[in-house]
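Right, one structure below, let's go through it.
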Amino acid sequence: MYTEFDTAYGLFEGMFAIVFILVIGSFVVMAVKELSTWNKNNNSPRLTVSAVVVAKRSDVSYHHHANVNHTAHVASNTIYYVTFQVESGDRMEFSVSGSEYGMLVEGDQGKLSFQGTRYLSFQREGQQEE
């Protein structure tokens, strides 16, 4: 004979299994998506086009960690983005490194090199190639 505790425990086990499967499924979907983007970028041609830097932005995320001895630690992560406009008028936004972000200024003109959605470099007009 089942008690109310057995029924509640069985319900908890079922809900835990569903949540566990959803979390693992989400990780698998994200991994497949990232792998697909990586593969698509690798199979895309490397292009170099005339472009102008039209916008810059950064995305900062903060992570709060609490230790067992009740001390808190805050970490942050910053992702930098630069938007380029090519001769056709199309705009493309790429994630770039912090040092690259710092070197680019809105209005800079030059040659943008990219592969799919992967930023490779930007060579300003009049700048010596390295």
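Starting from 1 in every chain, residues are counted up; chains themselves are A, B, ... following the order of the structure tokens, and ligands are numbered from 1 as listed.
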
Quick one: pick out all strand (DSSP E) residues within chain A from a backbone DSSP run and write them as a PyMOL selection string. chain A and resi 46-66+72-86+91-96+109-115+118-124

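DSSP secondary structure from the backbone places Glu34, Leu35, Ser36, Thr37, Trp38, Asn39, Lys40, Asn41, Asn42, Asn43, Gly98, Ser99, Glu100, Tyr101, Gly102 and Met103 of chain A of segment 34-110 of chain A in alpha helix (DSSP H).
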
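Residues in contact with Tyr101 of chain A at 12 Å, where only C-alpha atoms are counted and same-chain residues fewer than 6 positions away are skipped, are listed as Val53, Ala55, Lys56, Arg57, Ser58, Thr78, Ile79, Tyr80, Tyr81, Val82, Thr83, Phe94, Ser95, Tyr119, Ser121 and Phe122 of chain A.
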
Go ahead and save the picked residues with all heavy atoms, as a tab-separated table (two decimals), in the first residue's frame.
```tsv
chain	number	residue	atom	x	y	z
A	53	VAL	N	34.35	51.17	-40.11
A	53	VAL	CA	33.88	50.87	-38.75
A	53	VAL	C	32.74	51.85	-38.45
A	53	VAL	O	32.94	53.06	-38.48
A	53	VAL	CB	35.01	51.04	-37.71
A	53	VAL	CG1	34.47	50.83	-36.30
A	53	VAL	CG2	36.15	50.09	-38.01
A	55	ALA	N	30.24	51.16	-35.78
A	55	ALA	CA	29.78	51.10	-34.39
A	55	ALA	C	30.65	50.14	-33.58
A	55	ALA	O	31.24	49.21	-34.13
A	55	ALA	CB	28.32	50.68	-34.31
A	56	LYS	N	30.71	50.39	-32.27
A	56	LYS	CA	31.39	49.52	-31.33
A	56	LYS	C	30.50	49.36	-30.10
A	56	LYS	O	29.80	50.29	-29.73
A	56	LYS	CB	32.72	50.13	-30.89
A	56	LYS	CG	33.75	50.27	-32.00
A	56	LYS	CD	34.95	51.09	-31.56
A	56	LYS	CE	35.62	50.58	-30.33
A	56	LYS	NZ	36.86	51.30	-29.98
A	57	ARG	N	30.52	48.18	-29.52
A	57	ARG	CA	29.77	47.98	-28.28
A	57	ARG	C	30.44	46.86	-27.50
A	57	ARG	O	31.21	46.07	-28.03
A	57	ARG	CB	28.30	47.65	-28.54
A	57	ARG	CG	28.05	46.30	-29.16
A	57	ARG	CD	26.55	46.04	-29.38
A	57	ARG	NE	26.32	44.73	-29.96
A	57	ARG	CZ	26.08	43.63	-29.28
A	57	ARG	NH1	26.04	43.65	-27.96
A	57	ARG	NH2	25.88	42.48	-29.90
A	58	SER	N	30.14	46.81	-26.22
A	58	SER	CA	30.65	45.72	-25.38
A	58	SER	C	29.50	45.16	-24.54
A	58	SER	O	28.54	45.86	-24.25
A	58	SER	CB	31.78	46.21	-24.48
A	58	SER	OG	31.34	47.26	-23.66
A	78	THR	N	33.79	40.34	-20.37
A	78	THR	CA	33.41	41.33	-21.36
A	78	THR	C	33.62	40.77	-22.76
A	78	THR	O	34.69	40.23	-23.05
A	78	THR	CB	34.24	42.63	-21.21
A	78	THR	OG1	34.11	43.09	-19.87
A	78	THR	CG2	33.76	43.69	-22.17
A	79	ILE	N	32.61	40.88	-23.59
A	79	ILE	CA	32.71	40.49	-24.99
A	79	ILE	C	32.61	41.78	-25.80
A	79	ILE	O	31.72	42.59	-25.57
A	79	ILE	CB	31.60	39.50	-25.40
A	79	ILE	CG1	31.65	38.26	-24.51
A	79	ILE	CG2	31.74	39.12	-26.88
A	79	ILE	CD1	30.50	37.31	-24.71
A	80	TYR	N	33.54	41.96	-26.72
A	80	TYR	CA	33.60	43.18	-27.53
A	80	TYR	C	33.09	42.91	-28.94
A	80	TYR	O	33.41	41.88	-29.53
A	80	TYR	CB	35.04	43.68	-27.60
A	80	TYR	CG	35.63	44.00	-26.26
A	80	TYR	CD1	36.42	43.09	-25.58
A	80	TYR	CD2	35.37	45.23	-25.66
A	80	TYR	CE1	36.95	43.39	-24.34
A	80	TYR	CE2	35.89	45.54	-24.41
A	80	TYR	CZ	36.69	44.61	-23.76
A	80	TYR	OH	37.20	44.92	-22.53
A	81	TYR	N	32.30	43.86	-29.48
A	81	TYR	CA	31.74	43.74	-30.82
A	81	TYR	C	32.04	45.00	-31.62
A	81	TYR	O	32.01	46.11	-31.09
A	81	TYR	CB	30.22	43.58	-30.75
A	81	TYR	CG	29.77	42.33	-30.03
A	81	TYR	CD1	29.42	42.38	-28.68
A	81	TYR	CD2	29.67	41.11	-30.69
A	81	TYR	CE1	29.00	41.24	-28.01
A	81	TYR	CE2	29.26	39.97	-30.03
A	81	TYR	CZ	28.92	40.04	-28.69
A	81	TYR	OH	28.50	38.92	-28.04
A	82	VAL	N	32.32	44.81	-32.91
A	82	VAL	CA	32.52	45.93	-33.83
A	82	VAL	C	31.64	45.69	-35.05
A	82	VAL	O	31.57	44.57	-35.56
A	82	VAL	CB	34.00	46.06	-34.26
A	82	VAL	CG1	34.18	47.19	-35.27
A	82	VAL	CG2	34.89	46.28	-33.05
A	83	THR	N	30.94	46.75	-35.49
A	83	THR	CA	30.09	46.67	-36.68
A	83	THR	C	30.79	47.39	-37.83
A	83	THR	O	31.23	48.53	-37.67
A	83	THR	CB	28.71	47.31	-36.43
A	83	THR	OG1	28.11	46.65	-35.31
A	83	THR	CG2	27.81	47.19	-37.65
A	94	PHE	N	30.99	41.68	-35.71
A	94	PHE	CA	31.89	40.60	-35.33
A	94	PHE	C	32.33	40.77	-33.89
A	94	PHE	O	32.50	41.89	-33.41
A	94	PHE	CB	33.15	40.60	-36.21
A	94	PHE	CG	32.89	40.29	-37.66
A	94	PHE	CD1	32.79	41.32	-38.58
A	94	PHE	CD2	32.74	38.99	-38.10
A	94	PHE	CE1	32.56	41.06	-39.91
A	94	PHE	CE2	32.50	38.72	-39.43
A	94	PHE	CZ	32.41	39.75	-40.35
A	95	SER	N	32.55	39.65	-33.24
A	95	SER	CA	33.16	39.65	-31.92
A	95	SER	C	34.67	39.78	-32.12
A	95	SER	O	35.24	39.08	-32.96
A	95	SER	CB	32.82	38.34	-31.20
A	95	SER	OG	33.50	38.27	-29.98
A	119	TYR	N	35.70	36.91	-37.43
A	119	TYR	CA	36.53	38.07	-37.73
A	119	TYR	C	37.98	37.63	-37.82
A	119	TYR	O	38.47	36.89	-36.96
A	119	TYR	CB	36.35	39.10	-36.61
A	119	TYR	CG	37.31	40.26	-36.67
A	119	TYR	CD1	37.04	41.37	-37.46
A	119	TYR	CD2	38.49	40.26	-35.93
A	119	TYR	CE1	37.91	42.45	-37.52
A	119	TYR	CE2	39.36	41.32	-35.97
A	119	TYR	CZ	39.07	42.42	-36.77
A	119	TYR	OH	39.93	43.47	-36.82
A	121	SER	N	40.71	40.11	-39.40
A	121	SER	CA	41.53	41.30	-39.19
A	121	SER	C	40.89	42.51	-39.87
A	121	SER	O	39.97	42.38	-40.68
A	121	SER	CB	42.95	41.10	-39.74
A	121	SER	OG	42.91	41.01	-41.16
A	122	PHE	N	41.41	43.69	-39.51
A	122	PHE	CA	41.03	44.92	-40.19
A	122	PHE	C	42.29	45.72	-40.40
A	122	PHE	O	43.03	46.01	-39.46
A	122	PHE	CB	40.03	45.73	-39.35
A	122	PHE	CG	39.57	46.99	-40.02
A	122	PHE	CD1	38.67	46.96	-41.07
A	122	PHE	CD2	40.06	48.22	-39.62
A	122	PHE	CE1	38.24	48.11	-41.69
A	122	PHE	CE2	39.64	49.39	-40.23
A	122	PHE	CZ	38.73	49.34	-41.28
```

If you count only C-alpha atoms, which residues fall within 8 Å of Val52 of chain A, apart from same-chain ones fewer than 3 positions away, as an mmCIF file with C-alpha atoms, in the first residue's frame?
```cif
data_model
loop_
_atom_site.group_PDB
_atom_site.id
_atom_site.type_symbol
_atom_site.label_atom_id
_atom_site.label_comp_id
_atom_site.auth_asym_id
_atom_site.auth_seq_id
_atom_site.Cartn_x
_atom_site.Cartn_y
_atom_site.Cartn_z
ATOM 1 C CA PHE A 84 31.490 47.215 -40.157
ATOM 2 C CA GLN A 85 29.685 48.585 -43.214
ATOM 3 C CA VAL A 86 30.871 47.272 -46.590
ATOM 4 C CA GLU A 106 34.326 54.577 -35.505
ATOM 5 C CA GLY A 107 34.940 56.031 -38.959
ATOM 6 C CA ASP A 108 38.105 53.984 -39.633
ATOM 7 C CA GLN A 109 38.252 52.868 -43.280
ATOM 8 C CA GLY A 110 40.204 49.925 -44.579
#
```

Would you mind listing what lies within 12 Å of Asn42 of chain A as a ChimeraX atom specification, with only C-alpha atoms counted and same-chain residues fewer than 5 positions away left out? /A:35-37,114-118

Just-selected residues, N, CA and C atoms written as an mmCIF file, in the first residue's frame:
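Everything below was put into part_22.cif:
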```
data_model
loop_
_atom_site.group_PDB
_atom_site.id
_atom_site.type_symbol
_atom_site.label_atom_id
_atom_site.label_comp_id
_atom_site.auth_asym_id
_atom_site.auth_seq_id
_atom_site.Cartn_x
_atom_site.Cartn_y
_atom_site.Cartn_z
ATOM 1 N N LEU A 35 29.352 23.651 -32.796
ATOM 2 C CA LEU A 35 30.146 22.829 -33.711
ATOM 3 C C LEU A 35 29.738 23.080 -35.155
ATOM 4 N N SER A 36 28.457 23.255 -35.393
ATOM 5 C CA SER A 36 27.957 23.542 -36.738
ATOM 6 C C SER A 36 28.472 24.893 -37.230
ATOM 7 N N THR A 37 28.439 25.928 -36.372
ATOM 8 C CA THR A 37 28.949 27.256 -36.738
ATOM 9 C C THR A 37 30.443 27.191 -37.013
ATOM 10 N N PHE A 114 37.451 38.411 -43.158
ATOM 11 C CA PHE A 114 36.606 37.546 -42.337
ATOM 12 C C PHE A 114 36.392 36.218 -43.037
ATOM 13 N N GLN A 115 35.923 35.254 -42.272
ATOM 14 C CA GLN A 115 35.624 33.916 -42.783
ATOM 15 C C GLN A 115 34.317 33.471 -42.154
ATOM 16 N N GLY A 116 33.243 33.547 -42.924
ATOM 17 C CA GLY A 116 31.925 33.243 -42.384
ATOM 18 C C GLY A 116 31.555 34.292 -41.358
ATOM 19 N N THR A 117 31.308 33.859 -40.124
ATOM 20 C CA THR A 117 30.989 34.802 -39.048
ATOM 21 C C THR A 117 32.216 35.076 -38.176
ATOM 22 N N ARG A 118 33.385 34.624 -38.608
ATOM 23 C CA ARG A 118 34.626 34.756 -37.837
ATOM 24 C C ARG A 118 35.430 35.965 -38.327
#
```
